[in-house]
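K.L.:
One file is attached below, final.cif, containing mmCIF, N, CA and C atoms.
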```cif
data_work
#
loop_
_atom_site.group_PDB
_atom_site.id
_atom_site.type_symbol
_atom_site.label_atom_id
_atom_site.label_comp_id
_atom_site.auth_asym_id
_atom_site.auth_seq_id
_atom_site.Cartn_x
_atom_site.Cartn_y
_atom_site.Cartn_z
ATOM 1 N N MET I 1 112.235 95.519 107.265
ATOM 2 C CA MET I 1 111.235 95.098 106.311
ATOM 3 C C MET I 1 111.941 94.507 105.090
ATOM 4 N N GLU I 2 111.519 93.319 104.703
ATOM 5 C CA GLU I 2 112.037 92.682 103.496
ATOM 6 C C GLU I 2 111.243 93.191 102.301
ATOM 7 N N ILE I 3 111.951 93.547 101.228
ATOM 8 C CA ILE I 3 111.298 94.077 100.037
ATOM 9 C C ILE I 3 111.650 93.204 98.843
ATOM 10 N N GLY I 4 110.613 92.732 98.151
ATOM 11 C CA GLY I 4 110.800 91.984 96.911
ATOM 12 C C GLY I 4 110.167 92.757 95.770
ATOM 13 N N ILE I 5 110.945 93.047 94.742
ATOM 14 C CA ILE I 5 110.433 93.779 93.585
ATOM 15 C C ILE I 5 110.588 92.879 92.363
ATOM 16 N N HIS I 6 109.470 92.631 91.679
ATOM 17 C CA HIS I 6 109.454 91.706 90.555
ATOM 18 C C HIS I 6 108.957 92.428 89.308
ATOM 19 N N ALA I 7 109.710 92.346 88.236
ATOM 20 C CA ALA I 7 109.319 92.934 86.953
ATOM 21 C C ALA I 7 108.799 91.809 86.060
ATOM 22 N N VAL I 8 107.580 91.974 85.559
ATOM 23 C CA VAL I 8 106.966 90.960 84.709
ATOM 24 C C VAL I 8 106.896 91.508 83.281
ATOM 25 N N GLY I 9 107.637 90.902 82.380
ATOM 26 C CA GLY I 9 107.594 91.298 80.981
ATOM 27 C C GLY I 9 108.597 92.359 80.582
ATOM 28 N N PHE I 10 109.478 92.751 81.477
ATOM 29 C CA PHE I 10 110.515 93.735 81.158
ATOM 30 C C PHE I 10 111.642 93.605 82.176
ATOM 31 N N THR I 11 112.744 94.296 81.922
ATOM 32 C CA THR I 11 113.898 94.283 82.819
ATOM 33 C C THR I 11 113.834 95.495 83.740
ATOM 34 N N LEU I 12 113.970 95.253 85.018
ATOM 35 C CA LEU I 12 113.884 96.310 86.027
ATOM 36 C C LEU I 12 115.175 97.128 86.051
ATOM 37 N N SER I 13 115.044 98.449 85.957
ATOM 38 C CA SER I 13 116.222 99.323 86.013
ATOM 39 C C SER I 13 116.574 99.632 87.466
ATOM 40 N N GLY I 14 117.808 100.016 87.689
ATOM 41 C CA GLY I 14 118.247 100.388 89.032
ATOM 42 C C GLY I 14 117.499 101.601 89.550
ATOM 43 N N HIS I 15 117.215 102.550 88.660
ATOM 44 C CA HIS I 15 116.476 103.755 89.048
ATOM 45 C C HIS I 15 115.080 103.402 89.555
ATOM 46 N N LEU I 16 114.388 102.521 88.829
ATOM 47 C CA LEU I 16 113.029 102.134 89.225
ATOM 48 C C LEU I 16 113.059 101.353 90.536
ATOM 49 N N ARG I 17 114.044 100.474 90.705
ATOM 50 C CA ARG I 17 114.179 99.716 91.958
ATOM 51 C C ARG I 17 114.384 100.668 93.142
ATOM 52 N N ASP I 18 115.276 101.643 92.987
ATOM 53 C CA ASP I 18 115.534 102.616 94.051
ATOM 54 C C ASP I 18 114.293 103.448 94.357
ATOM 55 N N PHE I 19 113.554 103.830 93.310
ATOM 56 C CA PHE I 19 112.332 104.614 93.482
ATOM 57 C C PHE I 19 111.313 103.844 94.323
ATOM 58 N N VAL I 20 111.066 102.587 93.951
ATOM 59 C CA VAL I 20 110.074 101.763 94.659
ATOM 60 C C VAL I 20 110.509 101.519 96.104
ATOM 61 N N GLU I 21 111.770 101.177 96.322
ATOM 62 C CA GLU I 21 112.259 100.930 97.682
ATOM 63 C C GLU I 21 112.138 102.177 98.549
ATOM 64 N N GLY I 22 112.479 103.331 97.996
ATOM 65 C CA GLY I 22 112.369 104.581 98.750
ATOM 66 C C GLY I 22 110.944 104.880 99.165
ATOM 67 N N LYS I 23 110.007 104.663 98.252
ATOM 68 C CA LYS I 23 108.592 104.911 98.555
ATOM 69 C C LYS I 23 108.072 103.923 99.600
ATOM 70 N N LEU I 24 108.467 102.664 99.490
ATOM 71 C CA LEU I 24 108.007 101.653 100.446
ATOM 72 C C LEU I 24 108.507 101.940 101.856
ATOM 73 N N LYS I 25 109.739 102.375 101.968
ATOM 74 C CA LYS I 25 110.308 102.640 103.291
ATOM 75 C C LYS I 25 109.578 103.769 104.014
ATOM 76 N N LYS I 26 108.931 104.651 103.268
ATOM 77 C CA LYS I 26 108.173 105.738 103.887
ATOM 78 C C LYS I 26 106.898 105.241 104.566
ATOM 79 N N LEU I 27 106.407 104.057 104.187
ATOM 80 C CA LEU I 27 105.192 103.519 104.801
ATOM 81 C C LEU I 27 105.408 103.122 106.257
ATOM 82 N N VAL I 28 106.649 102.922 106.660
ATOM 83 C CA VAL I 28 106.950 102.533 108.043
ATOM 84 C C VAL I 28 106.497 103.623 109.014
ATOM 85 N N ARG I 29 106.402 104.871 108.543
ATOM 86 C CA ARG I 29 105.911 105.958 109.406
ATOM 87 C C ARG I 29 104.481 105.699 109.875
ATOM 88 N N PHE I 30 103.701 104.991 109.055
ATOM 89 C CA PHE I 30 102.302 104.758 109.376
ATOM 90 C C PHE I 30 102.080 103.442 110.107
ATOM 91 N N GLU I 31 102.992 102.496 109.940
ATOM 92 C CA GLU I 31 102.851 101.186 110.580
ATOM 93 C C GLU I 31 104.230 100.564 110.738
ATOM 94 N N ASP I 32 104.635 100.340 111.981
ATOM 95 C CA ASP I 32 105.965 99.773 112.216
ATOM 96 C C ASP I 32 105.963 98.247 112.243
ATOM 97 N N GLU I 33 104.795 97.616 112.061
ATOM 98 C CA GLU I 33 104.708 96.160 112.082
ATOM 99 C C GLU I 33 104.736 95.545 110.684
ATOM 100 N N ILE I 34 105.214 96.281 109.684
ATOM 101 C CA ILE I 34 105.315 95.741 108.331
ATOM 102 C C ILE I 34 106.502 94.781 108.293
ATOM 103 N N GLU I 35 106.219 93.522 107.982
ATOM 104 C CA GLU I 35 107.270 92.510 107.936
ATOM 105 C C GLU I 35 107.911 92.420 106.557
ATOM 106 N N SER I 36 107.083 92.474 105.510
ATOM 107 C CA SER I 36 107.632 92.371 104.159
ATOM 108 C C SER I 36 106.703 93.039 103.156
ATOM 109 N N ALA I 37 107.264 93.326 101.997
ATOM 110 C CA ALA I 37 106.497 93.919 100.901
ATOM 111 C C ALA I 37 106.903 93.234 99.606
ATOM 112 N N ASP I 38 105.912 92.859 98.815
ATOM 113 C CA ASP I 38 106.155 92.298 97.487
ATOM 114 C C ASP I 38 105.516 93.218 96.466
ATOM 115 N N VAL I 39 106.304 93.645 95.497
ATOM 116 C CA VAL I 39 105.836 94.551 94.454
ATOM 117 C C VAL I 39 105.986 93.852 93.110
ATOM 118 N N TYR I 40 104.895 93.829 92.343
ATOM 119 C CA TYR I 40 104.914 93.281 90.995
ATOM 120 C C TYR I 40 104.606 94.409 90.029
ATOM 121 N N LEU I 41 105.543 94.691 89.136
ATOM 122 C CA LEU I 41 105.368 95.710 88.109
ATOM 123 C C LEU I 41 105.147 94.984 86.787
ATOM 124 N N LYS I 42 104.004 95.292 86.139
ATOM 125 C CA LYS I 42 103.626 94.571 84.922
ATOM 126 C C LYS I 42 103.267 95.545 83.814
ATOM 127 N N LEU I 43 103.459 95.079 82.593
ATOM 128 C CA LEU I 43 102.983 95.825 81.435
ATOM 129 C C LEU I 43 101.525 95.451 81.218
ATOM 130 N N GLY I 44 100.648 96.455 81.121
ATOM 131 C CA GLY I 44 99.218 96.206 80.956
ATOM 132 C C GLY I 44 98.850 95.872 79.522
ATOM 133 N N ASN I 45 97.584 95.528 79.325
ATOM 134 C CA ASN I 45 97.095 95.142 78.003
ATOM 135 C C ASN I 45 96.661 96.329 77.157
ATOM 136 N N ASP I 46 96.063 97.337 77.777
ATOM 137 C CA ASP I 46 95.555 98.472 77.009
ATOM 138 C C ASP I 46 96.644 99.530 76.818
ATOM 139 N N GLN I 47 96.428 100.411 75.868
ATOM 140 C CA GLN I 47 97.427 101.432 75.551
ATOM 141 C C GLN I 47 97.469 102.533 76.602
ATOM 142 N N GLU I 48 96.301 102.999 77.032
ATOM 143 C CA GLU I 48 96.237 104.046 78.055
ATOM 144 C C GLU I 48 96.445 103.393 79.419
ATOM 145 N N ASP I 49 97.210 104.021 80.273
ATOM 146 C CA ASP I 49 97.550 103.440 81.578
ATOM 147 C C ASP I 49 98.074 102.013 81.401
ATOM 148 N N SER I 50 99.115 101.885 80.607
ATOM 149 C CA SER I 50 99.597 100.563 80.224
ATOM 150 C C SER I 50 100.546 99.927 81.238
ATOM 151 N N LYS I 51 100.819 100.592 82.347
ATOM 152 C CA LYS I 51 101.689 100.029 83.381
ATOM 153 C C LYS I 51 100.836 99.695 84.608
ATOM 154 N N LEU I 52 101.192 98.632 85.303
ATOM 155 C CA LEU I 52 100.415 98.176 86.452
ATOM 156 C C LEU I 52 101.348 97.884 87.619
ATOM 157 N N ALA I 53 100.984 98.359 88.802
ATOM 158 C CA ALA I 53 101.746 98.080 90.022
ATOM 159 C C ALA I 53 100.842 97.349 91.000
ATOM 160 N N GLU I 54 101.286 96.203 91.471
ATOM 161 C CA GLU I 54 100.590 95.429 92.500
ATOM 162 C C GLU I 54 101.513 95.362 93.711
ATOM 163 N N VAL I 55 100.987 95.739 94.869
ATOM 164 C CA VAL I 55 101.803 95.757 96.083
ATOM 165 C C VAL I 55 101.077 94.979 97.173
ATOM 166 N N LYS I 56 101.790 94.042 97.793
ATOM 167 C CA LYS I 56 101.244 93.267 98.911
ATOM 168 C C LYS I 56 102.120 93.514 100.125
ATOM 169 N N LEU I 57 101.513 93.980 101.206
ATOM 170 C CA LEU I 57 102.230 94.198 102.463
ATOM 171 C C LEU I 57 101.856 93.095 103.445
ATOM 172 N N GLN I 58 102.854 92.456 104.012
ATOM 173 C CA GLN I 58 102.640 91.450 105.048
ATOM 174 C C GLN I 58 102.894 92.113 106.393
ATOM 175 N N LEU I 59 101.843 92.185 107.220
ATOM 176 C CA LEU I 59 101.961 92.747 108.552
ATOM 177 C C LEU I 59 101.781 91.622 109.555
ATOM 178 N N LYS I 60 102.069 91.906 110.792
ATOM 179 C CA LYS I 60 101.846 90.901 111.828
ATOM 180 C C LYS I 60 100.343 90.645 111.921
ATOM 181 N N GLY I 61 99.912 89.463 111.473
ATOM 182 C CA GLY I 61 98.518 89.083 111.570
ATOM 183 C C GLY I 61 97.611 89.645 110.491
ATOM 184 N N ASP I 62 98.148 90.232 109.430
ATOM 185 C CA ASP I 62 97.299 90.834 108.404
ATOM 186 C C ASP I 62 98.073 90.956 107.092
ATOM 187 N N VAL I 63 97.334 91.037 106.004
ATOM 188 C CA VAL I 63 97.910 91.261 104.681
ATOM 189 C C VAL I 63 97.106 92.366 104.013
ATOM 190 N N LEU I 64 97.794 93.360 103.455
ATOM 191 C CA LEU I 64 97.142 94.436 102.718
ATOM 192 C C LEU I 64 97.601 94.369 101.272
ATOM 193 N N PHE I 65 96.690 94.714 100.349
ATOM 194 C CA PHE I 65 96.990 94.606 98.925
ATOM 195 C C PHE I 65 96.406 95.793 98.180
ATOM 196 N N ALA I 66 97.141 96.279 97.188
ATOM 197 C CA ALA I 66 96.639 97.339 96.310
ATOM 198 C C ALA I 66 97.187 97.108 94.910
ATOM 199 N N GLU I 67 96.348 97.401 93.927
ATOM 200 C CA GLU I 67 96.721 97.262 92.522
ATOM 201 C C GLU I 67 96.237 98.505 91.789
ATOM 202 N N LYS I 68 97.150 99.202 91.115
ATOM 203 C CA LYS I 68 96.780 100.440 90.427
ATOM 204 C C LYS I 68 97.484 100.536 89.075
ATOM 205 N N PRO I 69 96.777 101.056 88.061
ATOM 206 C CA PRO I 69 97.395 101.312 86.759
ATOM 207 C C PRO I 69 97.961 102.723 86.696
ATOM 208 N N GLY I 70 98.806 102.961 85.703
ATOM 209 C CA GLY I 70 99.355 104.295 85.511
ATOM 210 C C GLY I 70 100.012 104.419 84.152
ATOM 211 N N ALA I 71 100.287 105.647 83.751
ATOM 212 C CA ALA I 71 100.963 105.889 82.480
ATOM 213 C C ALA I 71 102.437 105.493 82.565
ATOM 214 N N SER I 72 102.989 105.499 83.785
ATOM 215 C CA SER I 72 104.370 105.073 84.016
ATOM 216 C C SER I 72 104.389 104.183 85.253
ATOM 217 N N PHE I 73 105.472 103.451 85.428
ATOM 218 C CA PHE I 73 105.580 102.606 86.618
ATOM 219 C C PHE I 73 105.663 103.453 87.881
ATOM 220 N N GLU I 74 106.285 104.621 87.786
ATOM 221 C CA GLU I 74 106.369 105.514 88.944
ATOM 222 C C GLU I 74 104.977 105.985 89.361
ATOM 223 N N GLU I 75 104.161 106.368 88.376
ATOM 224 C CA GLU I 75 102.796 106.821 88.676
ATOM 225 C C GLU I 75 101.959 105.691 89.268
ATOM 226 N N ALA I 76 102.038 104.506 88.675
ATOM 227 C CA ALA I 76 101.281 103.357 89.172
ATOM 228 C C ALA I 76 101.720 102.991 90.589
ATOM 229 N N THR I 77 103.023 103.033 90.848
ATOM 230 C CA THR I 77 103.543 102.732 92.184
ATOM 231 C C THR I 77 103.064 103.759 93.196
ATOM 232 N N ASP I 78 103.126 105.040 92.837
ATOM 233 C CA ASP I 78 102.633 106.096 93.728
ATOM 234 C C ASP I 78 101.172 105.873 94.092
ATOM 235 N N GLU I 79 100.345 105.559 93.098
ATOM 236 C CA GLU I 79 98.912 105.346 93.332
ATOM 237 C C GLU I 79 98.676 104.133 94.241
ATOM 238 N N ALA I 80 99.380 103.042 93.985
ATOM 239 C CA ALA I 80 99.206 101.831 94.795
ATOM 240 C C ALA I 80 99.655 102.066 96.235
ATOM 241 N N LEU I 81 100.773 102.755 96.414
ATOM 242 C CA LEU I 81 101.267 103.005 97.770
ATOM 243 C C LEU I 81 100.391 104.007 98.511
ATOM 244 N N GLU I 82 99.778 104.933 97.798
ATOM 245 C CA GLU I 82 98.831 105.853 98.438
ATOM 246 C C GLU I 82 97.601 105.080 98.917
ATOM 247 N N ALA I 83 97.130 104.132 98.121
ATOM 248 C CA ALA I 83 96.002 103.296 98.538
ATOM 249 C C ALA I 83 96.375 102.484 99.779
ATOM 250 N N LEU I 84 97.590 101.965 99.828
ATOM 251 C CA LEU I 84 98.036 101.214 101.004
ATOM 252 C C LEU I 84 98.195 102.119 102.218
ATOM 253 N N ARG I 85 98.654 103.332 101.999
ATOM 254 C CA ARG I 85 98.780 104.282 103.115
ATOM 255 C C ARG I 85 97.408 104.525 103.741
ATOM 256 N N ARG I 86 96.386 104.709 102.895
ATOM 257 C CA ARG I 86 95.027 104.910 103.413
ATOM 258 C C ARG I 86 94.553 103.682 104.187
ATOM 259 N N GLN I 87 94.864 102.484 103.680
ATOM 260 C CA GLN I 87 94.487 101.257 104.382
ATOM 261 C C GLN I 87 95.186 101.160 105.738
ATOM 262 N N LEU I 88 96.460 101.540 105.786
ATOM 263 C CA LEU I 88 97.213 101.494 107.044
ATOM 264 C C LEU I 88 96.637 102.467 108.067
ATOM 265 N N VAL I 89 96.286 103.674 107.625
ATOM 266 C CA VAL I 89 95.703 104.667 108.534
ATOM 267 C C VAL I 89 94.360 104.166 109.054
ATOM 268 N N LYS I 90 93.547 103.592 108.174
ATOM 269 C CA LYS I 90 92.241 103.055 108.575
ATOM 270 C C LYS I 90 92.412 101.896 109.564
ATOM 271 N N ARG I 91 93.371 101.018 109.285
ATOM 272 C CA ARG I 91 93.640 99.870 110.166
ATOM 273 C C ARG I 91 94.099 100.339 111.544
ATOM 274 N N LYS I 92 94.953 101.346 111.564
ATOM 275 C CA LYS I 92 95.469 101.867 112.829
ATOM 276 C C LYS I 92 94.338 102.487 113.649
ATOM 277 N N GLY I 93 93.415 103.178 112.975
ATOM 278 C CA GLY I 93 92.268 103.768 113.658
ATOM 279 C C GLY I 93 91.358 102.711 114.260
ATOM 280 N N LYS I 94 91.170 101.605 113.557
ATOM 281 C CA LYS I 94 90.325 100.520 114.063
ATOM 282 C C LYS I 94 90.952 99.847 115.281
ATOM 283 N N ARG I 95 92.279 99.739 115.293
ATOM 284 C CA ARG I 95 92.953 99.103 116.434
ATOM 285 C C ARG I 95 92.816 99.930 117.698
ATOM 286 N N ARG I 96 92.733 101.241 117.547
ATOM 287 C CA ARG I 96 92.631 102.109 118.723
ATOM 288 C C ARG I 96 91.240 102.088 119.331
ATOM 289 N N ASP I 97 90.234 101.779 118.506
ATOM 290 C CA ASP I 97 88.840 101.793 119.004
ATOM 291 C C ASP I 97 88.538 100.640 119.919
#
```
When written as structure tokens, how does the structure in this file appear?

P.N.:
Amino acid sequence: MEIGIHAVGFTLSGHLRDFVEGKLKKLVRFEDEIESADVYLKLGNDQEDSKLAEVKLQLKGDVLFAEKPGASFEEATDEALEALRRQLVKRKGKRRD
């Protein structure tokens, strides 16, 4: 799986890059057809939940997307990847039917 991590409005730290990559690699347990992932980490406009994580997964024949805010980039990333995990489980269930 190819992983692209993009920081918008700030400089991405090595710790944050490793955190996001580690979390993304865990999604392969739910779907082995993930070709690539693009993650955009942005600073939000409001003070509360001022960090935003947008994640796009490219699968064979499909694209999944999730966008979640959080108090930190780690929290926002966790929320977005949990939303994608639910989408992957739902997609897998539909394929079996």

K.L.:
For each of I:Lys42, I:Lys23, I:Lys51, I:His15, take the minimum atom-to-atom distance to Glu75 in chain I, counting only N, CA and C atoms, then give the residue where this is smallest.

P.N.:
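Comparing I:Lys42, I:Lys23, I:Lys51, I:His15 against Glu75 in chain I, the winner is I:Lys51.
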
K.L.:
Please enumerate the residues selected by the PyMOL selection byres (((chain I and resi 69 and name CA) around 6) and name CA) when evaluated against the supplied file, formatted as a list in words.

P.N.:
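On the file shown, the PyMOL selection byres (((chain I and resi 69 and name CA) around 6) and name CA) covers Asp49, Lys51, Leu52, Lys68, Gly70 and Ala76 of chain I.
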
K.L.:
Let me make sure I understand: among I:Leu43, I:Ser36, I:Glu67, I:Leu24, which one has the smallest atom-to-atom distance to Ala80 in chain I if we use only N, CA and C atoms?

P.N.:
I:Glu67

K.L.:
Counting only C-alpha atoms, which residues in range 7-70 of chain I sit no more than 8 Å from range 82-91 of chain I? For each one, give the nearest pair of atoms and the distance in Å, sorted by chain then residue number, as a tab-separated table.

P.N.:
```
residue	atom	partner	partner_atom	distance
I:Leu27	CA	I:Arg85	CA	6.7
I:Phe30	CA	I:Leu88	CA	6.5
I:Glu31	CA	I:Leu88	CA	6.7
I:Leu64	CA	I:Leu84	CA	7.0
I:Phe65	CA	I:Leu84	CA	7.0
I:Ala66	CA	I:Leu84	CA	6.2
```

K.L.:
Give me, as a PDB file with N, CA and C atoms, in the frame of the given file, all polymer residues having an atom no more than 10 Å from Asp32 in chain I, counting only C-alpha atoms and skipping those fewer than 3 positions away in the same chain.

P.N.:
```pdb
ATOM      1  N   MET I   1     112.235  95.519 107.265  1.00  0.00           N
ATOM      2  CA  MET I   1     111.235  95.098 106.311  1.00  0.00           C
ATOM      3  C   MET I   1     111.941  94.507 105.090  1.00  0.00           C
ATOM      4  N   LEU I  27     106.407 104.057 104.187  1.00  0.00           N
ATOM      5  CA  LEU I  27     105.192 103.519 104.801  1.00  0.00           C
ATOM      6  C   LEU I  27     105.408 103.122 106.257  1.00  0.00           C
ATOM      7  N   VAL I  28     106.649 102.922 106.660  1.00  0.00           N
ATOM      8  CA  VAL I  28     106.950 102.533 108.043  1.00  0.00           C
ATOM      9  C   VAL I  28     106.497 103.623 109.014  1.00  0.00           C
ATOM     10  N   ARG I  29     106.402 104.871 108.543  1.00  0.00           N
ATOM     11  CA  ARG I  29     105.911 105.958 109.406  1.00  0.00           C
ATOM     12  C   ARG I  29     104.481 105.699 109.875  1.00  0.00           C
ATOM     13  N   GLU I  35     106.219  93.522 107.982  1.00  0.00           N
ATOM     14  CA  GLU I  35     107.270  92.510 107.936  1.00  0.00           C
ATOM     15  C   GLU I  35     107.911  92.420 106.557  1.00  0.00           C
ATOM     16  N   LEU I  59     101.843  92.185 107.220  1.00  0.00           N
ATOM     17  CA  LEU I  59     101.961  92.747 108.552  1.00  0.00           C
ATOM     18  C   LEU I  59     101.781  91.622 109.555  1.00  0.00           C
ATOM     19  N   LYS I  60     102.069  91.906 110.792  1.00  0.00           N
ATOM     20  CA  LYS I  60     101.846  90.901 111.828  1.00  0.00           C
ATOM     21  C   LYS I  60     100.343  90.645 111.921  1.00  0.00           C
TER      22      LYS I  60
END
```

K.L.:
For the structure I just gave you, how does DSSP split range 41-88 of chain I - specifically, which residues are strand (DSSP E)? Reply as a short mmCIF file (atom, residue, chain, number, x, y, z; two decimals) with N, CA and C atoms, in the frame of the given file.

P.N.:
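After the write, selection-v5.cif holds the following:
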```cif
data_model
loop_
_atom_site.label_atom_id
_atom_site.label_comp_id
_atom_site.auth_asym_id
_atom_site.auth_seq_id
_atom_site.Cartn_x
_atom_site.Cartn_y
_atom_site.Cartn_z
N LEU I 41 105.54 94.69 89.14
CA LEU I 41 105.37 95.71 88.11
C LEU I 41 105.15 94.98 86.79
N LYS I 42 104.00 95.29 86.14
CA LYS I 42 103.63 94.57 84.92
C LYS I 42 103.27 95.54 83.81
N LEU I 43 103.46 95.08 82.59
CA LEU I 43 102.98 95.82 81.44
C LEU I 43 101.52 95.45 81.22
N LYS I 51 100.82 100.59 82.35
CA LYS I 51 101.69 100.03 83.38
C LYS I 51 100.84 99.70 84.61
N LEU I 52 101.19 98.63 85.30
CA LEU I 52 100.42 98.18 86.45
C LEU I 52 101.35 97.88 87.62
N ALA I 53 100.98 98.36 88.80
CA ALA I 53 101.75 98.08 90.02
C ALA I 53 100.84 97.35 91.00
N GLU I 54 101.29 96.20 91.47
CA GLU I 54 100.59 95.43 92.50
C GLU I 54 101.51 95.36 93.71
N VAL I 55 100.99 95.74 94.87
CA VAL I 55 101.80 95.76 96.08
C VAL I 55 101.08 94.98 97.17
N LYS I 56 101.79 94.04 97.79
CA LYS I 56 101.24 93.27 98.91
C LYS I 56 102.12 93.51 100.12
N LEU I 57 101.51 93.98 101.21
CA LEU I 57 102.23 94.20 102.46
C LEU I 57 101.86 93.10 103.44
N GLN I 58 102.85 92.46 104.01
CA GLN I 58 102.64 91.45 105.05
C GLN I 58 102.89 92.11 106.39
N LEU I 59 101.84 92.18 107.22
CA LEU I 59 101.96 92.75 108.55
C LEU I 59 101.78 91.62 109.56
N ASP I 62 98.15 90.23 109.43
CA ASP I 62 97.30 90.83 108.40
C ASP I 62 98.07 90.96 107.09
N VAL I 63 97.33 91.04 106.00
CA VAL I 63 97.91 91.26 104.68
C VAL I 63 97.11 92.37 104.01
N LEU I 64 97.79 93.36 103.46
CA LEU I 64 97.14 94.44 102.72
C LEU I 64 97.60 94.37 101.27
N PHE I 65 96.69 94.71 100.35
CA PHE I 65 96.99 94.61 98.92
C PHE I 65 96.41 95.79 98.18
N ALA I 66 97.14 96.28 97.19
CA ALA I 66 96.64 97.34 96.31
C ALA I 66 97.19 97.11 94.91
N GLU I 67 96.35 97.40 93.93
CA GLU I 67 96.72 97.26 92.52
C GLU I 67 96.24 98.50 91.79
N LYS I 68 97.15 99.20 91.12
CA LYS I 68 96.78 100.44 90.43
C LYS I 68 97.48 100.54 89.08
N PRO I 69 96.78 101.06 88.06
CA PRO I 69 97.40 101.31 86.76
C PRO I 69 97.96 102.72 86.70
N GLY I 70 98.81 102.96 85.70
CA GLY I 70 99.36 104.30 85.51
C GLY I 70 100.01 104.42 84.15
#
```

K.L.:
Please measure the separation of CA of Gln58 in chain I and atom C of Leu81 in chain I, giving the value in Å to one decimal.

P.N.:
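One can read the CA of Gln58 in chain I to atom C of Leu81 in chain I distance as 14.3 Å.
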
K.L.:
Within 6 Å of (107.5, 94.4, 88.6), in the coordinates the file gives, what residues turn up when you count only C-alpha atoms, written out as an MDAnalysis selection string?

P.N.:
chainID I and resid 5:8 40:42

K.L.:
Take every atom of range 22-30 of chain I listed in the file, fit an axis-aligned box around them, add 3 Å per side, and give the centre and edge lengths in Å to one decimal as AutoDock Vina command-line options.

P.N.:
```
--center_x 107.3 --center_y 103.8 --center_z 104.1 --size_x 16.4 --size_y 10.3 --size_z 18.1
```

K.L.:
If I take atom C of Lys25 in chain I and CA of Thr77 in chain I, how far is one from the other in Å, to one decimal?

P.N.:
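Between atom C of Lys25 in chain I and CA of Thr77 in chain I the gap works out to 13.3 Å.
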
K.L.:
My list of candidates is I:Glu33, I:Asp78, I:Glu21, I:Glu2. Which is closest to Asp62 in chain I when distances are computed with only C-alpha atoms?

P.N.:
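Comparing I:Glu33, I:Asp78, I:Glu21, I:Glu2 against Asp62 in chain I, the winner is I:Glu33.
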
K.L.:
Run DSSP on the backbone and grab whatever in chain I lands in alpha helix (DSSP H); send it over as JSON, numbers by chain.

P.N.:
{"I": [14, 15, 16, 17, 18, 19, 20, 21, 22, 23, 24, 25, 73, 74, 75, 76, 77, 78, 79, 80, 81, 82, 83, 84, 85, 86, 87, 88, 89, 90, 91, 92, 93, 94, 95, 96]}

K.L.:
Have a look at atom C of Gly4 in chain I and atom N of Ala37 in chain I and let me know their distance in Å, one decimal.

P.N.:
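Answer for the atom C of Gly4 in chain I to atom N of Ala37 in chain I separation: 6.9 Å.
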